[in-house]
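Trainee: Structure file work-v7.cif, mmCIF, C-alpha atoms, is pasted below:
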```
data_work
#
loop_
_atom_site.label_atom_id
_atom_site.label_comp_id
_atom_site.auth_asym_id
_atom_site.auth_seq_id
_atom_site.Cartn_x
_atom_site.Cartn_y
_atom_site.Cartn_z
CA MET A 57 3.39 11.43 -25.82
CA GLY A 58 5.74 9.54 -28.10
CA ALA A 59 7.41 8.05 -25.02
CA TRP A 60 4.19 6.53 -23.74
CA GLY A 61 3.34 2.89 -24.30
CA GLY A 62 0.28 1.95 -26.28
CA GLY A 63 -1.40 -0.19 -23.64
CA LEU A 64 -4.69 0.86 -22.12
CA TYR A 65 -3.06 1.44 -18.74
CA ASP A 66 0.16 3.17 -19.74
CA GLY A 67 -1.09 6.63 -18.72
CA ASP A 68 -1.95 8.18 -15.35
CA PHE A 69 -5.54 8.90 -16.35
CA ALA A 70 -6.30 5.25 -17.09
CA LEU A 71 -4.65 4.05 -13.88
CA ASP A 72 -6.54 6.60 -11.78
CA LEU A 73 -9.79 5.64 -13.50
CA LYS A 74 -9.16 1.96 -12.84
CA GLY A 75 -8.61 2.70 -9.14
CA THR A 76 -11.80 4.73 -8.93
CA ILE A 77 -13.83 2.00 -10.64
CA ASN A 78 -12.48 -0.55 -8.18
CA GLY A 79 -13.43 1.67 -5.25
CA VAL A 80 -16.92 2.65 -6.39
CA LEU A 81 -17.81 -0.96 -7.11
CA ARG A 82 -17.25 -1.72 -3.43
CA ALA A 83 -19.87 0.85 -2.42
CA PRO A 84 -23.52 -0.17 -1.89
CA LEU A 85 -24.76 1.62 -5.01
CA SER A 86 -26.80 0.47 -7.99
CA ASP A 87 -24.99 -0.07 -11.29
CA ASP A 88 -26.45 3.18 -12.64
CA GLU A 89 -25.30 5.06 -9.54
CA VAL A 90 -21.84 3.55 -9.92
CA LEU A 91 -21.61 4.71 -13.53
CA ALA A 92 -22.83 8.18 -12.57
CA GLU A 93 -20.11 8.46 -9.90
CA ILE A 94 -17.42 7.34 -12.34
CA TRP A 95 -18.63 9.79 -14.98
CA THR A 96 -18.63 12.68 -12.52
CA SER A 97 -15.16 11.92 -11.21
CA HIS A 98 -13.42 11.17 -14.52
CA GLY A 99 -15.63 11.23 -17.60
CA GLU A 100 -17.21 14.66 -17.82
CA ARG A 101 -13.91 16.56 -17.63
CA ALA A 102 -11.80 14.22 -19.76
CA ALA A 103 -10.43 15.68 -22.98
CA GLU A 104 -8.71 14.45 -26.14
CA LEU A 105 -7.17 10.99 -25.71
CA ASP A 106 -8.36 10.67 -22.11
CA ALA A 107 -11.97 11.15 -23.28
CA LEU A 108 -11.56 8.12 -25.54
CA ASP A 109 -9.62 6.07 -23.00
CA TYR A 110 -12.42 6.67 -20.53
CA TRP A 111 -14.79 4.44 -22.53
CA LEU A 112 -12.15 1.84 -23.34
CA VAL A 113 -10.98 1.47 -19.73
CA LEU A 114 -14.55 1.51 -18.39
CA ALA A 115 -15.62 -1.20 -20.83
CA ASP A 116 -12.52 -3.26 -20.04
CA GLN A 117 -13.07 -3.09 -16.28
CA LEU A 118 -16.78 -3.84 -16.44
CA GLU A 119 -16.30 -6.81 -18.75
CA ARG A 120 -13.58 -8.24 -16.50
CA ARG A 121 -15.99 -8.11 -13.57
CA GLY A 122 -18.89 -9.69 -15.43
CA ILE A 123 -20.92 -6.47 -15.47
CA ARG A 124 -22.67 -6.41 -18.83
CA ARG A 125 -23.46 -2.91 -20.05
CA PRO A 126 -24.20 -3.03 -23.78
CA ASP A 127 -24.29 0.78 -24.00
CA ILE A 128 -20.74 1.07 -22.62
CA PHE A 129 -19.48 -1.84 -24.72
CA GLU A 130 -20.97 -0.36 -27.91
CA ARG A 131 -19.35 3.02 -27.28
CA ALA A 132 -15.97 1.36 -26.77
CA MET A 133 -16.42 -0.80 -29.88
CA ALA A 134 -17.23 2.30 -31.94
CA ILE A 135 -13.95 3.91 -30.83
CA ILE A 136 -11.97 0.77 -31.63
CA GLU A 137 -13.58 0.10 -35.01
CA SER A 138 -13.22 3.72 -36.15
CA GLY A 139 -9.64 3.93 -34.89
CA GLU A 140 -10.36 7.18 -33.03
CA ASP A 141 -7.84 6.43 -30.30
CA THR A 142 -4.99 5.50 -32.62
CA ALA A 143 -5.76 8.56 -34.78
CA LYS A 144 -5.51 10.76 -31.68
CA LEU A 145 -2.23 9.09 -30.70
CA ALA A 146 -0.91 9.75 -34.20
CA GLU A 147 -1.87 13.42 -33.88
CA LEU A 148 0.14 13.51 -30.67
CA GLU A 149 3.17 12.14 -32.57
CA ALA A 150 3.19 8.69 -31.01
CA GLU A 151 5.85 6.31 -32.27
CA PRO A 152 4.81 3.56 -34.73
CA LYS A 153 5.58 1.00 -32.02
CA THR A 154 3.15 2.73 -29.68
CA LEU A 155 0.42 2.70 -32.32
CA ALA A 156 1.00 -1.01 -32.93
CA GLU A 157 0.79 -1.72 -29.19
CA ARG A 158 -2.49 0.18 -28.98
CA ARG A 159 -4.02 -1.69 -31.92
CA LYS A 160 -3.02 -5.00 -30.34
CA ALA A 161 -4.50 -4.02 -26.97
CA THR A 162 -7.79 -2.79 -28.40
CA ALA A 163 -8.12 -5.83 -30.69
CA LYS A 164 -8.01 -8.05 -27.60
CA LEU A 165 -10.54 -5.84 -25.86
CA ALA A 166 -12.85 -5.87 -28.89
CA ALA A 167 -12.80 -9.68 -28.96
CA ARG A 168 -13.88 -9.79 -25.32
CA LEU A 169 -16.59 -7.18 -25.80
CA ARG A 170 -18.09 -9.15 -28.70
CA ASP A 171 -18.34 -12.21 -26.48
CA PRO A 172 -18.34 -10.97 -22.86
CA ARG A 173 -18.00 -13.35 -19.97
CA PRO A 174 -21.11 -14.46 -18.07
CA ALA A 175 -22.71 -11.87 -15.83
CA LYS A 176 -21.67 -11.92 -12.18
CA THR A 177 -23.51 -10.56 -9.18
CA ARG A 178 -21.64 -7.62 -7.71
CA LYS A 179 -20.88 -7.96 -4.01
CA PRO A 180 -20.42 -4.52 -2.48
CA LEU A 181 -19.48 -3.99 1.13
CA LYS A 182 -22.47 -4.41 3.42
CA ALA A 183 -20.97 -2.96 6.59
CA PRO A 184 -18.69 0.04 7.18
CA GLN A 185 -14.99 -0.70 7.30
CA PRO A 186 -13.85 -0.35 10.93
CA LEU A 187 -12.11 2.89 11.85
CA LEU A 188 -8.70 2.15 13.36
CA PHE A 189 -8.09 5.76 14.42
CA GLU A 190 -10.11 8.74 15.59
CA ARG A 191 -9.75 12.47 15.11
CA CYS A 192 -7.05 13.90 17.42
CA ASP A 193 -5.23 10.56 17.80
CA ALA A 194 -1.46 11.03 18.03
CA LEU A 195 0.55 8.33 16.26
CA THR A 196 4.17 7.30 16.25
CA TRP A 197 6.08 4.73 14.21
CA PRO A 198 9.74 3.66 14.02
CA THR A 199 11.93 5.16 11.28
CA ASP A 200 15.29 4.47 9.71
CA ARG A 201 16.86 7.80 8.65
CA GLY A 202 13.32 9.11 8.30
CA ASN A 203 12.08 6.15 6.28
CA ALA A 204 9.17 4.10 7.60
CA ILE A 205 8.79 0.35 7.22
CA ASN A 206 7.39 -0.63 3.83
CA PRO A 207 3.94 -2.05 4.66
CA TYR A 208 3.80 -4.08 1.47
CA VAL A 209 6.74 -6.25 2.49
CA ALA A 210 6.55 -8.85 5.26
CA GLU A 211 8.97 -8.46 8.16
CA ASP A 212 10.99 -11.55 7.20
CA SER A 213 11.51 -10.10 3.71
CA GLN A 214 12.61 -6.58 4.68
CA TRP A 215 16.23 -7.61 4.11
CA LYS A 216 15.51 -7.61 0.37
CA LEU A 217 15.08 -3.83 0.63
CA GLY A 218 18.32 -3.40 2.56
CA GLY A 219 16.87 -4.14 5.97
CA PHE A 220 15.36 -1.77 8.52
CA ARG A 221 17.48 -0.35 11.34
CA PRO A 222 15.33 1.93 13.51
CA ASP A 223 17.09 5.07 14.69
CA GLY A 224 14.20 7.45 15.29
CA TRP A 225 10.47 8.02 15.33
CA GLY A 226 7.81 9.36 13.05
CA PHE A 227 5.10 11.52 14.57
CA GLY A 228 1.66 12.36 13.25
CA ILE A 229 -1.87 13.46 14.11
CA ILE A 230 -5.09 12.07 12.70
CA THR A 231 -7.07 15.19 11.85
CA GLU A 232 -10.09 13.46 10.34
CA ALA A 233 -11.54 9.94 10.16
CA GLY A 234 -14.73 8.83 8.51
CA HIS A 235 -16.46 6.97 5.69
CA HIS A 236 -17.45 7.70 2.13
CA TYR A 237 -20.57 6.01 0.76
CA HIS A 238 -21.16 4.92 4.37
CA VAL A 239 -18.69 2.02 4.08
CA LEU A 240 -15.27 3.10 2.73
CA ALA A 241 -13.01 4.28 5.56
CA TYR A 242 -10.53 7.12 5.14
CA TYR A 243 -8.22 9.20 7.31
CA ALA A 244 -6.47 12.56 7.15
CA LEU A 245 -3.00 12.84 8.66
CA GLN A 246 -0.52 15.61 9.31
CA VAL A 247 3.06 14.39 9.69
CA LEU A 248 4.92 16.36 12.34
CA LYS A 249 8.61 17.26 12.20
CA TRP A 250 10.28 15.18 14.89
CA ARG A 251 14.06 14.62 14.78
CA ARG A 252 14.68 13.73 18.41
CA SER A 253 15.88 10.24 19.37
CA GLU A 254 13.24 9.74 22.08
CA ARG A 255 9.66 8.75 21.36
CA PRO A 256 7.37 11.73 20.76
CA SER A 257 4.66 12.67 23.22
CA PRO A 258 1.22 14.11 22.47
CA GLU A 259 1.90 17.11 24.70
CA LEU A 260 4.59 18.36 22.31
CA ALA A 261 2.48 18.08 19.16
CA VAL A 262 1.33 21.69 19.41
CA HIS A 263 4.99 22.79 19.16
CA CYS A 264 5.78 20.82 15.99
CA PRO A 265 5.71 22.14 12.41
CA ARG A 266 3.71 19.81 10.22
CA SER A 267 3.03 18.70 6.67
CA ALA A 268 0.08 19.49 4.48
CA TYR A 269 -2.91 17.20 5.02
CA ARG A 270 -2.38 13.69 3.66
CA TYR A 271 -5.40 11.50 2.94
CA GLY A 272 -5.48 7.74 2.72
CA THR A 273 -6.73 4.40 3.94
CA PHE A 274 -5.22 2.14 6.58
CA SER A 275 -5.60 -1.59 7.11
CA ALA A 276 -4.90 -3.71 10.16
CA LEU A 277 -2.08 -5.37 8.19
CA HIS A 278 -0.42 -2.01 7.46
CA LEU A 279 -0.81 -1.08 11.13
CA LYS A 280 1.02 -4.24 12.14
CA ARG A 281 3.78 -3.97 9.55
CA THR A 282 4.58 -0.29 10.08
CA ARG A 283 4.48 -0.82 13.88
CA ALA A 284 2.44 2.35 14.20
CA GLU A 285 0.99 3.05 17.63
CA ARG A 286 -1.55 5.38 19.11
CA ILE A 287 0.21 7.24 21.92
CA GLY A 288 -2.67 9.37 23.15
CA ARG A 289 -4.83 12.24 22.04
CA VAL A 290 -4.11 15.88 21.35
CA PRO A 291 -6.34 18.91 21.99
CA ASP A 292 -8.01 20.71 19.09
CA ALA A 293 -5.44 23.48 19.48
CA ALA A 294 -2.74 21.08 18.30
CA LEU A 295 -4.51 20.51 14.98
CA GLY A 296 -3.96 23.96 13.58
CA PRO A 297 -6.16 25.48 10.84
CA ALA A 298 -8.53 23.12 9.04
CA PRO A 299 -8.25 22.56 5.28
CA GLU A 300 -10.81 24.02 2.89
CA PRO A 301 -13.94 21.82 3.18
CA HIS A 302 -14.29 21.17 -0.55
CA VAL A 303 -10.61 20.26 -0.85
CA ALA A 304 -10.83 17.95 2.14
CA HIS A 305 -13.96 16.25 0.78
CA ARG A 306 -12.46 15.71 -2.67
CA SER A 307 -9.15 14.43 -1.29
CA ALA A 308 -10.80 12.08 1.21
CA ARG A 309 -13.17 10.73 -1.42
CA ARG A 310 -10.33 10.02 -3.83
CA ALA A 311 -8.31 8.29 -1.12
CA ALA A 312 -11.24 6.07 -0.15
CA LEU A 313 -12.14 5.17 -3.73
CA GLU A 314 -8.60 4.50 -4.92
CA ASP A 315 -7.47 2.91 -1.64
CA ILE A 316 -4.46 5.24 -1.35
CA PRO A 317 -2.32 3.95 1.54
CA LEU A 318 -1.88 6.45 4.36
CA ALA A 319 1.30 4.62 5.34
CA ALA A 320 2.98 6.04 2.23
CA SER A 321 3.16 9.35 4.10
CA PHE A 322 5.00 7.83 7.07
CA GLY A 323 8.33 8.20 5.26
CA LEU A 324 7.85 11.85 4.38
CA ASP A 325 10.76 12.98 6.58
CA ALA A 326 13.35 10.82 4.83
CA TRP A 327 15.94 12.70 2.79
CA ASN A 328 14.41 12.99 -0.63
CA SER A 329 13.99 15.81 -3.09
CA THR A 330 12.14 13.93 -5.85
CA ILE A 331 9.22 12.06 -4.26
CA TRP A 332 8.48 14.94 -1.87
CA PRO A 333 9.57 18.10 -3.74
CA GLY A 334 9.31 21.48 -2.06
CA LEU A 335 8.63 22.14 1.61
CA LYS A 336 7.71 19.06 3.60
CA PHE A 337 6.59 20.83 6.77
CA SER A 338 4.78 23.78 5.31
CA TYR A 339 2.44 24.41 8.27
CA PRO A 340 3.95 26.15 11.33
CA ALA A 341 3.62 24.90 14.88
CA PRO A 342 0.20 26.05 16.18
CA SER A 343 1.80 27.23 19.43
CA GLY A 344 4.06 29.70 17.63
CA THR A 345 7.01 28.32 19.61
CA PRO A 346 8.38 25.37 17.61
CA ILE A 347 10.72 22.88 19.22
CA ASP A 348 14.16 22.51 17.63
CA PRO A 349 13.67 25.56 15.37
CA ASP A 350 17.16 25.15 13.90
CA GLN A 351 16.28 21.79 12.35
CA PRO A 352 16.03 22.25 8.56
CA ASP A 353 12.89 21.33 6.64
CA GLN A 354 14.82 18.79 4.55
CA ARG A 355 16.51 16.08 6.59
CA PRO A 356 20.27 16.06 5.89
CA ARG A 357 21.45 13.35 3.55
#
```
Would you encode the structure as C-alpha cells?

Mentor:
Amino acid sequence: MGAWGGGLYDGDFALDLKGTINGVLRAPLSDDEVLAEIWTSHGERAAELDALDYWLVLADQLERRGIRRPDIFERAMAIIESGEDTAKLAELEAEPKTLAERRKATAKLAARLRDPRPAKTRKPLKAPQPLLFERCDALTWPTDRGNAINPYVAEDSQWKLGGFRPDGWGFGIITEAGHHYHVLAYYALQVLKWRRSERPSPELAVHCPRSAYRYGTFSALHLKRTRAERIGRVPDAALGPAPEPHVAHRSARRAALEDIPLAASFGLDAWNSTIWPGLKFSYPAPSGTPIDPDQPDQRPR
C-alpha cells in the first residue's frame, strides 16, 4: 500500500468503479436505478479503504456530470471531514507523501461538493448500439509476429510504435453478441491458434485450439483500424463447450459497462509472458484433431 499514490484514482478499484459509472450512465435507467446498479456491482462488497473510496469516487463522478445527489455528497463529505480515508491509509502503512496527496485530492473534492456545478440533464442512449458481428462469425485480422494493429493509433501514426509489418493472420470466432440494458453492445470472442502464413478459413476453425472466452466492445473505428474482417460463419460444432452462464453474464456485463475493447485480445498470440501469463490456448480443438499439433502454446520469441 505504501507504494500507492494518494489520488482518488490511483487504485484499481477506483478506476474500475469510474468505468462502471460511465457505462451505467449511458443506459436508459433512472438516477435511482443507476445508483442501485453501481452499488450492486461495486459498493456492497467493498471493504476497508475501497468501501470509503466508493463514496468519494461516486461523489466525484456525479458532481463532474452535474448530477446532484445530496445524500451521496454528504456521505463523501463525512468521510473527508472525519479523515476516515487517510486514517485507513495510515493503518495500511502509507508513506507521508501518499497521505499528503490524499488530503490534497479530497480537499479539492470537498470544495466542489460544497458548491456543486449546475445540474445537467443526463442523456442516455436511446437506441441500441449496432451489432457489428453475430454469433458464429469467423474473423481474421493481420498480425506482426502475433501482434495486432493498435486500434487507438491512427494508421499514419503507427510508425511511432515501431511500425506494423504484417507477416501473418489472427483468427477468432464470435461466440456471443448482444446488448446489456437493451442498448450497450458486447461480444464474446475465442482467439484461435493460427500460425500458418495463409489466411485462415472458417472450415478449419473446428480443428484449432482456442483461448478462454474474451468479452469486450467493438466500434466501427476499431474495426477499420485493426483491419478485421468477417470471413464467413462456422457451425455450432466449431464453438466448443459454452461458458458457465453466470460467468458469461457477469463478464459480458462488465465489458459493456466499462467499454473494454475486444480488440485488445487480437494480439493474444504475440510472444509475451507477462500480459498473458499461463496457457493462451487452453481450450482444445473441438474436432479432437488439431492442425499443426507441434506448434507450442507460446509463440517463440

Trainee: Could you please determine the separation between atom CA of A:Ala341 and atom CA of A:Arg270 in Å, to one decimal place?

Mentor: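 Atom-to-atom, atom CA of A:Ala341 and atom CA of A:Arg270 are spaced 17.0 Å apart.
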
Trainee: With only C-alpha atoms as the counted atoms, please give the residues lying no more than 6 Å from stretch 293-310 of chain A, apart from itself and same-chain residues fewer than 3 positions off, as a ChimeraX atom specification.

Mentor: /A:262,271,313-314,342

Trainee: Any chance you could export the current selection's C-alpha atoms as a PDB file, in the coordinates of the input?

Mentor:
```pdb
ATOM      1  CA  VAL A 262       1.330  21.690  19.410  1.00  0.00           C
ATOM      2  CA  TYR A 271      -5.400  11.500   2.940  1.00  0.00           C
ATOM      3  CA  LEU A 313     -12.140   5.170  -3.730  1.00  0.00           C
ATOM      4  CA  GLU A 314      -8.600   4.500  -4.920  1.00  0.00           C
ATOM      5  CA  PRO A 342       0.200  26.050  16.180  1.00  0.00           C
TER       6      PRO A 342
END
```

Trainee: Residues near A:Pro186, anyone? I mean within 12 Å using all atoms listed in the file, not counting same-chain ones fewer than 6 positions away, as number ranges by chain.

Mentor: A: 233-235, 238-243, 273-276

Trainee: Neighbouring residues of stretch 105-118 of chain A were defined as those with any atom within 7 Å, considering only C-alpha atoms; residues of the same chain fewer than 2 positions away were excluded. Please report them as a ChimeraX atom specification.

Mentor: /A:64,69-70,99,102-103,120-124,128-129,131-132,141,144,165

Trainee: Could you name the residues that touch stretch 247-256 of chain A at 7 Å or less, counting all atoms listed in the file, but leaving out those on the same chain fewer than 3 positions away, as a PDB file with C-alpha atoms, keeping the file's coordinate frame?

Mentor:
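Done, and the output landed in out22.pdb:
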```
ATOM      1  CA  GLY A 224      14.200   7.450  15.290  1.00  0.00           C
ATOM      2  CA  TRP A 225      10.470   8.020  15.330  1.00  0.00           C
ATOM      3  CA  GLY A 226       7.810   9.360  13.050  1.00  0.00           C
ATOM      4  CA  PHE A 227       5.100  11.520  14.570  1.00  0.00           C
ATOM      5  CA  GLY A 228       1.660  12.360  13.250  1.00  0.00           C
ATOM      6  CA  ILE A 229      -1.870  13.460  14.110  1.00  0.00           C
ATOM      7  CA  CYS A 264       5.780  20.820  15.990  1.00  0.00           C
ATOM      8  CA  PRO A 265       5.710  22.140  12.410  1.00  0.00           C
ATOM      9  CA  ARG A 266       3.710  19.810  10.220  1.00  0.00           C
ATOM     10  CA  SER A 267       3.030  18.700   6.670  1.00  0.00           C
ATOM     11  CA  PHE A 337       6.590  20.830   6.770  1.00  0.00           C
TER      12      PHE A 337
END
```

Trainee: Please determine, counting all atoms listed in the file, which residue among A:Asp88, A:Asp72, A:Glu157, A:Glu232 has the shortest atom-to-atom distance to A:Asp127.

Mentor: A:Asp88

Trainee: What is the distance between atom CA of A:Ile136 and atom CA of A:Leu85, in Å to one decimal?

Mentor: 29.5 Å

Trainee: Please write as a ChimeraX atom specification the full residue list that the PyMOL selection byres ((chain A and resi 278) around 12) yields on this file.

Mentor: /A:188,197,204-211,272-277,279-285,317-320,322

Trainee: Could you write out that same residue set with C-alpha atoms as a PDB file, keeping the file's coordinate frame?

Mentor:
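Output file part-v4.pdb is given in full below:
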```
ATOM      1  CA  LEU A 188      -8.700   2.150  13.360  1.00  0.00           C
ATOM      2  CA  TRP A 197       6.080   4.730  14.210  1.00  0.00           C
ATOM      3  CA  ALA A 204       9.170   4.100   7.600  1.00  0.00           C
ATOM      4  CA  ILE A 205       8.790   0.350   7.220  1.00  0.00           C
ATOM      5  CA  ASN A 206       7.390  -0.630   3.830  1.00  0.00           C
ATOM      6  CA  PRO A 207       3.940  -2.050   4.660  1.00  0.00           C
ATOM      7  CA  TYR A 208       3.800  -4.080   1.470  1.00  0.00           C
ATOM      8  CA  VAL A 209       6.740  -6.250   2.490  1.00  0.00           C
ATOM      9  CA  ALA A 210       6.550  -8.850   5.260  1.00  0.00           C
ATOM     10  CA  GLU A 211       8.970  -8.460   8.160  1.00  0.00           C
ATOM     11  CA  GLY A 272      -5.480   7.740   2.720  1.00  0.00           C
ATOM     12  CA  THR A 273      -6.730   4.400   3.940  1.00  0.00           C
ATOM     13  CA  PHE A 274      -5.220   2.140   6.580  1.00  0.00           C
ATOM     14  CA  SER A 275      -5.600  -1.590   7.110  1.00  0.00           C
ATOM     15  CA  ALA A 276      -4.900  -3.710  10.160  1.00  0.00           C
ATOM     16  CA  LEU A 277      -2.080  -5.370   8.190  1.00  0.00           C
ATOM     17  CA  LEU A 279      -0.810  -1.080  11.130  1.00  0.00           C
ATOM     18  CA  LYS A 280       1.020  -4.240  12.140  1.00  0.00           C
ATOM     19  CA  ARG A 281       3.780  -3.970   9.550  1.00  0.00           C
ATOM     20  CA  THR A 282       4.580  -0.290  10.080  1.00  0.00           C
ATOM     21  CA  ARG A 283       4.480  -0.820  13.880  1.00  0.00           C
ATOM     22  CA  ALA A 284       2.440   2.350  14.200  1.00  0.00           C
ATOM     23  CA  GLU A 285       0.990   3.050  17.630  1.00  0.00           C
ATOM     24  CA  PRO A 317      -2.320   3.950   1.540  1.00  0.00           C
ATOM     25  CA  LEU A 318      -1.880   6.450   4.360  1.00  0.00           C
ATOM     26  CA  ALA A 319       1.300   4.620   5.340  1.00  0.00           C
ATOM     27  CA  ALA A 320       2.980   6.040   2.230  1.00  0.00           C
ATOM     28  CA  PHE A 322       5.000   7.830   7.070  1.00  0.00           C
TER      29      PHE A 322
END
```

Trainee: Tell me which of A:Asp212, A:Asp193, A:Asp66, A:Asp348 sits closest to A:Leu245, counting all atoms listed in the file.

Mentor: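 Of A:Asp212, A:Asp193, A:Asp66, A:Asp348, the one nearest A:Leu245, counting all atoms listed in the file, is A:Asp193.
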
Trainee: Mind filling out stretch 189-205 of chain A with N, CA, C and O atoms and sending it as a PDB file, in the coordinates of the input?

Mentor:
```pdb
ATOM      1  N   PHE A 189      -8.511   4.549  13.716  1.00  0.00           N
ATOM      2  CA  PHE A 189      -8.090   5.760  14.420  1.00  0.00           C
ATOM      3  C   PHE A 189      -9.260   6.722  14.517  1.00  0.00           C
ATOM      4  O   PHE A 189     -10.241   6.622  13.775  1.00  0.00           O
ATOM      5  N   GLU A 190      -9.122   7.692  15.426  1.00  0.00           N
ATOM      6  CA  GLU A 190     -10.110   8.740  15.590  1.00  0.00           C
ATOM      7  C   GLU A 190      -9.437  10.106  15.441  1.00  0.00           C
ATOM      8  O   GLU A 190      -8.208  10.230  15.563  1.00  0.00           O
ATOM      9  N   ARG A 191     -10.257  11.094  15.178  1.00  0.00           N
ATOM     10  CA  ARG A 191      -9.750  12.470  15.110  1.00  0.00           C
ATOM     11  C   ARG A 191      -9.036  12.814  16.417  1.00  0.00           C
ATOM     12  O   ARG A 191      -9.497  12.469  17.494  1.00  0.00           O
ATOM     13  N   CYS A 192      -7.899  13.471  16.300  1.00  0.00           N
ATOM     14  CA  CYS A 192      -7.050  13.900  17.420  1.00  0.00           C
ATOM     15  C   CYS A 192      -6.179  12.782  17.987  1.00  0.00           C
ATOM     16  O   CYS A 192      -5.475  12.996  18.992  1.00  0.00           O
ATOM     17  N   ASP A 193      -6.170  11.600  17.377  1.00  0.00           N
ATOM     18  CA  ASP A 193      -5.230  10.560  17.800  1.00  0.00           C
ATOM     19  C   ASP A 193      -3.813  10.971  17.396  1.00  0.00           C
ATOM     20  O   ASP A 193      -3.575  11.386  16.257  1.00  0.00           O
ATOM     21  N   ALA A 194      -2.882  10.829  18.329  1.00  0.00           N
ATOM     22  CA  ALA A 194      -1.460  11.030  18.030  1.00  0.00           C
ATOM     23  C   ALA A 194      -0.841   9.669  17.741  1.00  0.00           C
ATOM     24  O   ALA A 194      -1.081   8.698  18.475  1.00  0.00           O
ATOM     25  N   LEU A 195      -0.063   9.588  16.675  1.00  0.00           N
ATOM     26  CA  LEU A 195       0.550   8.330  16.260  1.00  0.00           C
ATOM     27  C   LEU A 195       2.067   8.462  16.257  1.00  0.00           C
ATOM     28  O   LEU A 195       2.621   9.546  16.023  1.00  0.00           O
ATOM     29  N   THR A 196       2.736   7.355  16.468  1.00  0.00           N
ATOM     30  CA  THR A 196       4.170   7.300  16.250  1.00  0.00           C
ATOM     31  C   THR A 196       4.495   5.975  15.583  1.00  0.00           C
ATOM     32  O   THR A 196       3.732   5.007  15.668  1.00  0.00           O
ATOM     33  N   TRP A 197       5.637   5.942  14.900  1.00  0.00           N
ATOM     34  CA  TRP A 197       6.080   4.730  14.210  1.00  0.00           C
ATOM     35  C   TRP A 197       7.605   4.790  14.105  1.00  0.00           C
ATOM     36  O   TRP A 197       8.199   5.881  14.048  1.00  0.00           O
ATOM     37  N   PRO A 198       8.279   3.658  14.104  1.00  0.00           N
ATOM     38  CA  PRO A 198       9.740   3.660  14.020  1.00  0.00           C
ATOM     39  C   PRO A 198      10.200   4.075  12.618  1.00  0.00           C
ATOM     40  O   PRO A 198       9.527   3.807  11.622  1.00  0.00           O
ATOM     41  N   THR A 199      11.364   4.733  12.565  1.00  0.00           N
ATOM     42  CA  THR A 199      11.930   5.160  11.280  1.00  0.00           C
ATOM     43  C   THR A 199      13.409   4.804  11.215  1.00  0.00           C
ATOM     44  O   THR A 199      14.085   4.629  12.237  1.00  0.00           O
ATOM     45  N   ASP A 200      13.880   4.709  10.011  1.00  0.00           N
ATOM     46  CA  ASP A 200      15.290   4.470   9.710  1.00  0.00           C
ATOM     47  C   ASP A 200      15.744   5.601   8.803  1.00  0.00           C
ATOM     48  O   ASP A 200      15.397   5.636   7.628  1.00  0.00           O
ATOM     49  N   ARG A 201      16.451   6.591   9.382  1.00  0.00           N
ATOM     50  CA  ARG A 201      16.860   7.800   8.650  1.00  0.00           C
ATOM     51  C   ARG A 201      15.644   8.508   8.030  1.00  0.00           C
ATOM     52  O   ARG A 201      15.714   9.046   6.939  1.00  0.00           O
ATOM     53  N   GLY A 202      14.553   8.457   8.747  1.00  0.00           N
ATOM     54  CA  GLY A 202      13.320   9.110   8.300  1.00  0.00           C
ATOM     55  C   GLY A 202      12.402   8.212   7.499  1.00  0.00           C
ATOM     56  O   GLY A 202      11.235   8.548   7.303  1.00  0.00           O
ATOM     57  N   ASN A 203      12.907   7.081   7.041  1.00  0.00           N
ATOM     58  CA  ASN A 203      12.080   6.150   6.280  1.00  0.00           C
ATOM     59  C   ASN A 203      11.262   5.273   7.209  1.00  0.00           C
ATOM     60  O   ASN A 203      11.757   4.815   8.244  1.00  0.00           O
ATOM     61  N   ALA A 204      10.012   5.021   6.843  1.00  0.00           N
ATOM     62  CA  ALA A 204       9.170   4.100   7.600  1.00  0.00           C
ATOM     63  C   ALA A 204       9.291   2.697   7.002  1.00  0.00           C
ATOM     64  O   ALA A 204       9.820   2.508   5.903  1.00  0.00           O
ATOM     65  N   ILE A 205       8.785   1.722   7.713  1.00  0.00           N
ATOM     66  CA  ILE A 205       8.790   0.350   7.220  1.00  0.00           C
ATOM     67  C   ILE A 205       7.820   0.240   6.046  1.00  0.00           C
ATOM     68  O   ILE A 205       6.696   0.748   6.100  1.00  0.00           O
TER      69      ILE A 205
END
```
